[in-house]
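Reviewing the structure listed below.
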Amino acid sequence: MKERSKNKENKRIICLVIHSLQAGGMERVMSELAFFFVKKEEVEVHLLLYGINREIFYPIPLEVIIHKPDFEFKTDKRLISTFKTLWFLRKEIKGIGPFTILSFGEYWNSFVLLATYGLKFPVFVSDRAQPDKSLGRFADRLRKWLYPRAKGVIAQTQKAKEIYNTQFRHSNIKVIGNPIKEISNKGRNIEKENIVLTVGRLIKSKNQDELIKVFAKTNNPDWKLVIVGYDHLKQKNSEQLKKLINELNINEKVVLAGKQSDVESYYLRSKIFAFTSSSEGFPNVIGEAMAAGLPVISFDCIAGPSEMILDGRNGYLIPLFDYAQFEKKLKQLMEDEVLRKELGQQGKEDIQQFFIDNIGEKYFEFITSV
């Protein structure tokens with residue numbers, strides 16, 4: 001942990017609060033915002049990392065002051081560990097004395113609001129999942145009680161804002177999409193291959209098993225399907241996917257690439273991005289694929305894909321679980337190089353509105369407007 005600034009009184013201190021910085025969309029966004037905020041004059045950034053797993057997968061600027069609990073969260077003593085974590089957050093935040101606090105995570109924002117209950121520091125929260133998703137009766141009620149106490153709520157999409165207005169009735173909800181990185185092949189010279197790419201944790205809602213079936217039905221021997229992602233939520237889906245690949249006898253055509261630190265090289269090597277997730281907040285991987293110039297085909301789940309994809313202009317939005325239509329459009333993209341390039345180039349232009357300079361500034365203005 002670094003020493004705190006000696007000129008603390010001259011700085012606006014931003015406190016970023018998140019339970020995890022493992023590989024994932026929410027975690028990557030927090031990393032991007034940390035890099036953006038530390039470049040601001042007279043701004044000091046602190047990061048509180050308080051979850052069970054405190055691994056840092058994404059880079060964090062050296063200027064950011066990181067705070068972690070000095071105790072292990074013991075799942076066999078969950079109640080005691082939970083109270084210790086609440087106290088850790090409250091004590092650290094009081095010691096930091098932030099100008100503003102930004103918290104991520106639909107399951108965790110209530111935890112942060114409880115930890116800061118009664119303190120004077122403004123807290124801004126953002127859920128990062130499908131906006132109409134129930135977290136369970138207790139968690140849903142807790143959010144209804146606590147979220148109105150937040151200074152502001154950040155919705156990733158307009159649809160999410162509409163839903164939040166009915167759930168929380170908060171007077172200060174702002175729609176801000178996720179920052180998307182510019183992805184360039186300049187200096188890398190990675191050659192394109194006939195690859196259909198998908199990126200995401202291996203969890204049931206991503207429906208990678210159905211994507212494998214759809215890919216198999218296209219029956220195109222010149223193409224491969226590459227799945228980048230790792231097991232999560234104790235679902236152990238990688239073994240099930242391997243079994244399915246064996247059953248379909250397409251071992252040579254489907255690659256389970258696992259967790260990758262250089263996902264950009266996969267975007268640059270591929271020609272199509274396919275996304276069968278049925279539950280999203282704002283899927284960063286769609287934006288990243290578009291930034292790399294890939295045509296994207298995605299299910300039109302309740303929120304997220306439609307914020308970036310305009311059907312027929314820069315990709316395809318498929319009605320949820322319409323695998324026949326998904327297969328049809330995937331085959332069309334595989335067989336039409338001109339179409340792939342047209343959609344991909346348009347997507348590369350359209351996604352620029354979500355680059356960090358624009359999105360980071362929207363975040364900064366909102367959370368410092370107290």
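Each chain of the structure tokens is named A, B, ... in the order shown, its residues numbered from 1; ligands are numbered from 1 in display order.
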Among stretch 95-302 of chain A, which residues does DSSP mark as alpha helix (DSSP H) when it is run on the backbone? Keep the chain and numbering as in the structure and answer as an NGL selection string.
:A and (95-96 or 109-115 or 137-146 or 158-167 or 208-218 or 237-247 or 263-269 or 284-291)
Quick one: residues within 9 Å of A:Leu241, only C-alpha atoms, excluding same-chain residues fewer than 2 positions away - as an MDAnalysis selection string?
chainID A and resid 208:209 212 237:239 243:246 256
Write out as a list in words each polymer residue whose atoms come within 9 Å of stretch 78-87 of chain A, counting only C-alpha atoms; drop sequence neighbours fewer than 5 positions from it.
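Residues meeting the cut-off are Tyr50, Gly51, Pro69, Phe71, Glu72, Phe73, Glu92, Phe111, Val112, Leu114, Ala115 and Thr116 of chain A.
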Grab the residues selected above and save them as a short mmCIF file (atom, residue, chain, number, x, y, z; two decimals), in the first residue's frame with C-alpha atoms.
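Contents of again.cif, as written:
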```
data_model
loop_
_atom_site.label_atom_id
_atom_site.label_comp_id
_atom_site.auth_asym_id
_atom_site.auth_seq_id
_atom_site.Cartn_x
_atom_site.Cartn_y
_atom_site.Cartn_z
CA TYR A 50 -12.64 -6.28 -0.57
CA GLY A 51 -14.07 -9.53 -1.95
CA PRO A 69 -8.33 -6.27 4.00
CA PHE A 71 -7.59 -10.75 6.90
CA GLU A 72 -8.88 -13.73 4.93
CA PHE A 73 -12.59 -14.01 4.22
CA GLU A 92 -10.89 2.74 5.25
CA PHE A 111 -23.00 -3.88 0.96
CA VAL A 112 -21.10 -0.65 0.29
CA LEU A 114 -24.52 -0.32 4.38
CA ALA A 115 -20.84 0.19 5.17
CA THR A 116 -21.13 3.95 4.52
#
```
Considering only strand (DSSP E or B) as DSSP defines it on the backbone, what residues of stretch 315-358 of chain A qualify? List them as a VMD selection string.
chain A and resid 315 to 318 355
Spatial neighbours of A:Thr198, max dist 7 Å, only C-alpha atoms, sep filter under 5 positions, as number ranges by chain
A: 226-228, 273-275
If we count only C-alpha atoms, what is near A:Gly105 at a cut-off of 10 Å, once residues fewer than 6 positions away on the same chain are taken out, given as a list in words?
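Counting only C-alpha atoms, the residues come to Val17, Ile18, His19, Ser20, Met26, Glu27, Phe111, Val112, Val125, Ser126, Asp127, Arg128 and Ala129 of chain A.
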Using only C-alpha atoms, which of A:Lys242, A:Cys15, A:His67, A:Tyr58 sits nearest A:Gly97?
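Looking only at the distances to A:Gly97, the closest residue turns out to be A:Cys15.
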Non-local contacts of stretch 292-306 of chain A (6 Å; only C-alpha atoms; under 6 positions in same chain excluded) as an MDAnalysis selection string:
chainID A and resid 183 271:276 278 281:282 315:320 340 343:345 348
Produce a table with one row for each residue of stretch 180-254 of chain A that has an atom at most 12 Å from any atom of stretch 322-335 of chain A, each row naming the nearest atom pair and its distance in Å at one decimal; use only C-alpha atoms; arrange rows by chain and rising residue number; format as CSV.
```
residue,atom,partner,partner_atom,distance
A:Glu193,CA,A:Met334,CA,11.5
A:Asn194,CA,A:Met334,CA,8.2
A:Ile195,CA,A:Met334,CA,9.2
A:Val196,CA,A:Met334,CA,8.5
A:Leu197,CA,A:Leu330,CA,11.5
A:Asn207,CA,A:Tyr323,CA,10.9
A:Asp209,CA,A:Tyr323,CA,11.8
A:Glu210,CA,A:Tyr323,CA,8.0
A:Leu211,CA,A:Tyr323,CA,8.4
A:Ile212,CA,A:Glu327,CA,10.7
A:Lys213,CA,A:Tyr323,CA,9.3
A:Val214,CA,A:Glu327,CA,5.7
A:Phe215,CA,A:Glu327,CA,7.3
A:Ala216,CA,A:Glu327,CA,9.6
A:Lys217,CA,A:Glu327,CA,7.5
A:Thr218,CA,A:Lys331,CA,6.1
A:Asn219,CA,A:Lys331,CA,9.1
A:Asn220,CA,A:Met334,CA,8.4
A:Pro221,CA,A:Met334,CA,11.0
A:Asp222,CA,A:Met334,CA,9.3
A:Trp223,CA,A:Met334,CA,8.0
A:Lys224,CA,A:Met334,CA,10.6
A:Leu225,CA,A:Leu330,CA,11.5
```
Limited to N, CA and C atoms, could you put the picked residues into a file as a PDB file, in the first residue's frame?
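Saved the output as result25.pdb:
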```pdb
ATOM      1  N   GLU A 193      -7.811 -15.222 -39.971  1.00  0.00           N
ATOM      2  CA  GLU A 193      -8.096 -16.621 -40.251  1.00  0.00           C
ATOM      3  C   GLU A 193      -9.608 -16.805 -40.273  1.00  0.00           C
ATOM      4  N   ASN A 194     -10.059 -17.907 -40.811  1.00  0.00           N
ATOM      5  CA  ASN A 194     -11.497 -18.204 -40.838  1.00  0.00           C
ATOM      6  C   ASN A 194     -11.941 -18.690 -39.460  1.00  0.00           C
ATOM      7  N   ILE A 195     -12.079 -17.718 -38.562  1.00  0.00           N
ATOM      8  CA  ILE A 195     -12.429 -18.030 -37.175  1.00  0.00           C
ATOM      9  C   ILE A 195     -13.701 -17.289 -36.782  1.00  0.00           C
ATOM     10  N   VAL A 196     -14.644 -18.042 -36.221  1.00  0.00           N
ATOM     11  CA  VAL A 196     -15.786 -17.459 -35.519  1.00  0.00           C
ATOM     12  C   VAL A 196     -15.395 -17.423 -34.044  1.00  0.00           C
ATOM     13  N   LEU A 197     -15.387 -16.230 -33.475  1.00  0.00           N
ATOM     14  CA  LEU A 197     -14.909 -16.041 -32.102  1.00  0.00           C
ATOM     15  C   LEU A 197     -16.056 -15.719 -31.163  1.00  0.00           C
ATOM     16  N   ASN A 207     -24.610 -19.598 -22.966  1.00  0.00           N
ATOM     17  CA  ASN A 207     -25.105 -20.553 -23.971  1.00  0.00           C
ATOM     18  C   ASN A 207     -24.042 -20.963 -24.992  1.00  0.00           C
ATOM     19  N   ASP A 209     -22.751 -23.799 -25.268  1.00  0.00           N
ATOM     20  CA  ASP A 209     -23.091 -25.128 -25.780  1.00  0.00           C
ATOM     21  C   ASP A 209     -23.991 -25.023 -27.014  1.00  0.00           C
ATOM     22  N   GLU A 210     -24.940 -24.101 -26.987  1.00  0.00           N
ATOM     23  CA  GLU A 210     -25.829 -23.925 -28.134  1.00  0.00           C
ATOM     24  C   GLU A 210     -25.085 -23.324 -29.320  1.00  0.00           C
ATOM     25  N   LEU A 211     -24.114 -22.450 -29.032  1.00  0.00           N
ATOM     26  CA  LEU A 211     -23.318 -21.888 -30.115  1.00  0.00           C
ATOM     27  C   LEU A 211     -22.514 -22.984 -30.812  1.00  0.00           C
ATOM     28  N   ILE A 212     -22.000 -23.914 -30.032  1.00  0.00           N
ATOM     29  CA  ILE A 212     -21.262 -25.049 -30.620  1.00  0.00           C
ATOM     30  C   ILE A 212     -22.176 -25.845 -31.544  1.00  0.00           C
ATOM     31  N   LYS A 213     -23.411 -26.076 -31.116  1.00  0.00           N
ATOM     32  CA  LYS A 213     -24.371 -26.818 -31.944  1.00  0.00           C
ATOM     33  C   LYS A 213     -24.694 -26.066 -33.228  1.00  0.00           C
ATOM     34  N   VAL A 214     -24.891 -24.741 -33.092  1.00  0.00           N
ATOM     35  CA  VAL A 214     -25.183 -23.922 -34.269  1.00  0.00           C
ATOM     36  C   VAL A 214     -24.009 -23.960 -35.239  1.00  0.00           C
ATOM     37  N   PHE A 215     -22.807 -23.824 -34.713  1.00  0.00           N
ATOM     38  CA  PHE A 215     -21.615 -23.851 -35.563  1.00  0.00           C
ATOM     39  C   PHE A 215     -21.505 -25.191 -36.285  1.00  0.00           C
ATOM     40  N   ALA A 216     -21.775 -26.271 -35.580  1.00  0.00           N
ATOM     41  CA  ALA A 216     -21.695 -27.603 -36.187  1.00  0.00           C
ATOM     42  C   ALA A 216     -22.680 -27.733 -37.344  1.00  0.00           C
ATOM     43  N   LYS A 217     -23.855 -27.126 -37.206  1.00  0.00           N
ATOM     44  CA  LYS A 217     -24.871 -27.229 -38.244  1.00  0.00           C
ATOM     45  C   LYS A 217     -24.501 -26.449 -39.502  1.00  0.00           C
ATOM     46  N   THR A 218     -23.652 -25.438 -39.372  1.00  0.00           N
ATOM     47  CA  THR A 218     -23.241 -24.692 -40.571  1.00  0.00           C
ATOM     48  C   THR A 218     -22.430 -25.583 -41.498  1.00  0.00           C
ATOM     49  N   ASN A 219     -21.786 -26.583 -40.913  1.00  0.00           N
ATOM     50  CA  ASN A 219     -21.086 -27.612 -41.696  1.00  0.00           C
ATOM     51  C   ASN A 219     -20.143 -27.007 -42.737  1.00  0.00           C
ATOM     52  N   ASN A 220     -19.367 -26.024 -42.291  1.00  0.00           N
ATOM     53  CA  ASN A 220     -18.407 -25.374 -43.185  1.00  0.00           C
ATOM     54  C   ASN A 220     -17.000 -25.809 -42.779  1.00  0.00           C
ATOM     55  N   PRO A 221     -16.358 -26.667 -43.568  1.00  0.00           N
ATOM     56  CA  PRO A 221     -15.071 -27.247 -43.174  1.00  0.00           C
ATOM     57  C   PRO A 221     -13.925 -26.248 -43.144  1.00  0.00           C
ATOM     58  N   ASP A 222     -14.132 -25.056 -43.701  1.00  0.00           N
ATOM     59  CA  ASP A 222     -13.046 -24.069 -43.777  1.00  0.00           C
ATOM     60  C   ASP A 222     -12.978 -23.161 -42.557  1.00  0.00           C
ATOM     61  N   TRP A 223     -13.913 -23.330 -41.631  1.00  0.00           N
ATOM     62  CA  TRP A 223     -13.989 -22.406 -40.489  1.00  0.00           C
ATOM     63  C   TRP A 223     -13.777 -23.141 -39.168  1.00  0.00           C
ATOM     64  N   LYS A 224     -13.297 -22.367 -38.174  1.00  0.00           N
ATOM     65  CA  LYS A 224     -13.170 -22.863 -36.807  1.00  0.00           C
ATOM     66  C   LYS A 224     -13.955 -21.953 -35.859  1.00  0.00           C
ATOM     67  N   LEU A 225     -14.370 -22.530 -34.744  1.00  0.00           N
ATOM     68  CA  LEU A 225     -14.994 -21.774 -33.661  1.00  0.00           C
ATOM     69  C   LEU A 225     -14.009 -21.730 -32.494  1.00  0.00           C
TER      70      LEU A 225
END
```
Shell around stretch 136-141 of chain A at 12 Å using only C-alpha atoms, local window under 2 positions removed, as a PyMOL selection string:
chain A and resi 106-111+131-134+143-148+164+167-168
Atoms kept (N, CA and C atoms) for selection, written as a tab-separated table (two decimals), in the first residue's frame:
```
chain	number	residue	atom	x	y	z
A	106	GLU	N	-24.01	-5.48	-8.73
A	106	GLU	CA	-25.40	-5.54	-8.29
A	106	GLU	C	-25.58	-6.24	-6.96
A	107	TYR	N	-24.73	-7.23	-6.65
A	107	TYR	CA	-24.82	-7.90	-5.36
A	107	TYR	C	-24.08	-7.13	-4.27
A	108	TRP	N	-23.20	-6.23	-4.66
A	108	TRP	CA	-22.25	-5.63	-3.71
A	108	TRP	C	-22.53	-4.17	-3.38
A	109	ASN	N	-23.27	-3.47	-4.22
A	109	ASN	CA	-23.52	-2.06	-3.95
A	109	ASN	C	-24.27	-1.85	-2.64
A	110	SER	N	-25.21	-2.73	-2.35
A	110	SER	CA	-25.94	-2.61	-1.08
A	110	SER	C	-24.99	-2.77	0.10
A	111	PHE	N	-24.01	-3.65	-0.06
A	111	PHE	CA	-23.00	-3.88	0.96
A	111	PHE	C	-22.22	-2.59	1.23
A	131	PRO	N	-30.77	-5.81	-16.09
A	131	PRO	CA	-31.42	-4.91	-15.13
A	131	PRO	C	-32.68	-5.44	-14.47
A	132	ASP	N	-33.37	-6.38	-15.11
A	132	ASP	CA	-34.59	-6.91	-14.50
A	132	ASP	C	-34.35	-8.22	-13.76
A	133	LYS	N	-33.09	-8.57	-13.59
A	133	LYS	CA	-32.74	-9.83	-12.93
A	133	LYS	C	-32.97	-9.74	-11.43
A	134	SER	N	-33.70	-10.71	-10.89
A	134	SER	CA	-33.91	-10.77	-9.44
A	134	SER	C	-32.67	-11.36	-8.78
A	143	ARG	N	-31.94	-3.63	-1.86
A	143	ARG	CA	-31.66	-2.61	-2.87
A	143	ARG	C	-32.75	-1.53	-2.89
A	144	LYS	N	-34.00	-1.94	-2.77
A	144	LYS	CA	-35.08	-0.95	-2.78
A	144	LYS	C	-34.95	0.02	-1.62
A	145	TRP	N	-34.43	-0.47	-0.50
A	145	TRP	CA	-34.27	0.38	0.68
A	145	TRP	C	-33.02	1.24	0.59
A	146	LEU	N	-31.92	0.66	0.11
A	146	LEU	CA	-30.64	1.34	0.16
A	146	LEU	C	-30.33	2.21	-1.06
A	147	TYR	N	-30.74	1.78	-2.25
A	147	TYR	CA	-30.35	2.53	-3.45
A	147	TYR	C	-30.82	3.99	-3.45
A	148	PRO	N	-32.02	4.29	-2.93
A	148	PRO	CA	-32.41	5.71	-2.87
A	148	PRO	C	-31.47	6.55	-2.01
A	164	TYR	N	-34.95	0.61	-13.67
A	164	TYR	CA	-34.54	1.13	-12.35
A	164	TYR	C	-35.54	2.16	-11.83
A	167	GLN	N	-38.01	0.24	-10.08
A	167	GLN	CA	-37.49	-0.51	-8.93
A	167	GLN	C	-37.12	0.39	-7.76
A	168	PHE	N	-36.39	1.47	-8.05
A	168	PHE	CA	-35.79	2.28	-6.98
A	168	PHE	C	-36.42	3.66	-6.85
```
Pick from A:Ala160, A:Lys11, A:Lys68, A:Asn165 nearest to A:Asn53, counting only C-alpha atoms:
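Among the listed residues, the smallest separation from A:Asn53 belongs to A:Lys68.
Minimum atom-to-atom distance to A:Asn189, evaluated using only C-alpha atoms, belongs to A:Arg269 out of A:Lys206, A:Lys91, A:Arg54, A:Arg269.
Rounded to one decimal, atom CA of A:Ile56 and atom CA of A:Gln260 lie 14.2 Å from each other.
With distances restricted to only C-alpha atoms, A:Ile351 is the closest residue to A:Ala289 from A:Ile14, A:Ala23, A:Ile351, A:Ala257.
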Choose the residue, out of A:Ile163, A:Ala150, A:Ile180, A:Val254, that has the smallest atom-to-atom separation from A:Asp350; count only C-alpha atoms.
A:Ile180
Just give me the gap between atom CA of A:Tyr363 and atom CA of A:Tyr267 in Å, one decimal is fine.
26.9 Å
Option closest in space to A:Glu349, from A:Leu102, A:Ile309, A:Ser205, A:Gly187 [counting only C-alpha atoms]:
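Answer, going by the shortest atom-to-atom distance: A:Ile309.
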Which distance in Å separates atom CA of A:Gln235 and atom CA of A:Gly25, to one decimal?
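Separating atom CA of A:Gln235 from atom CA of A:Gly25 is a distance of 18.6 Å.
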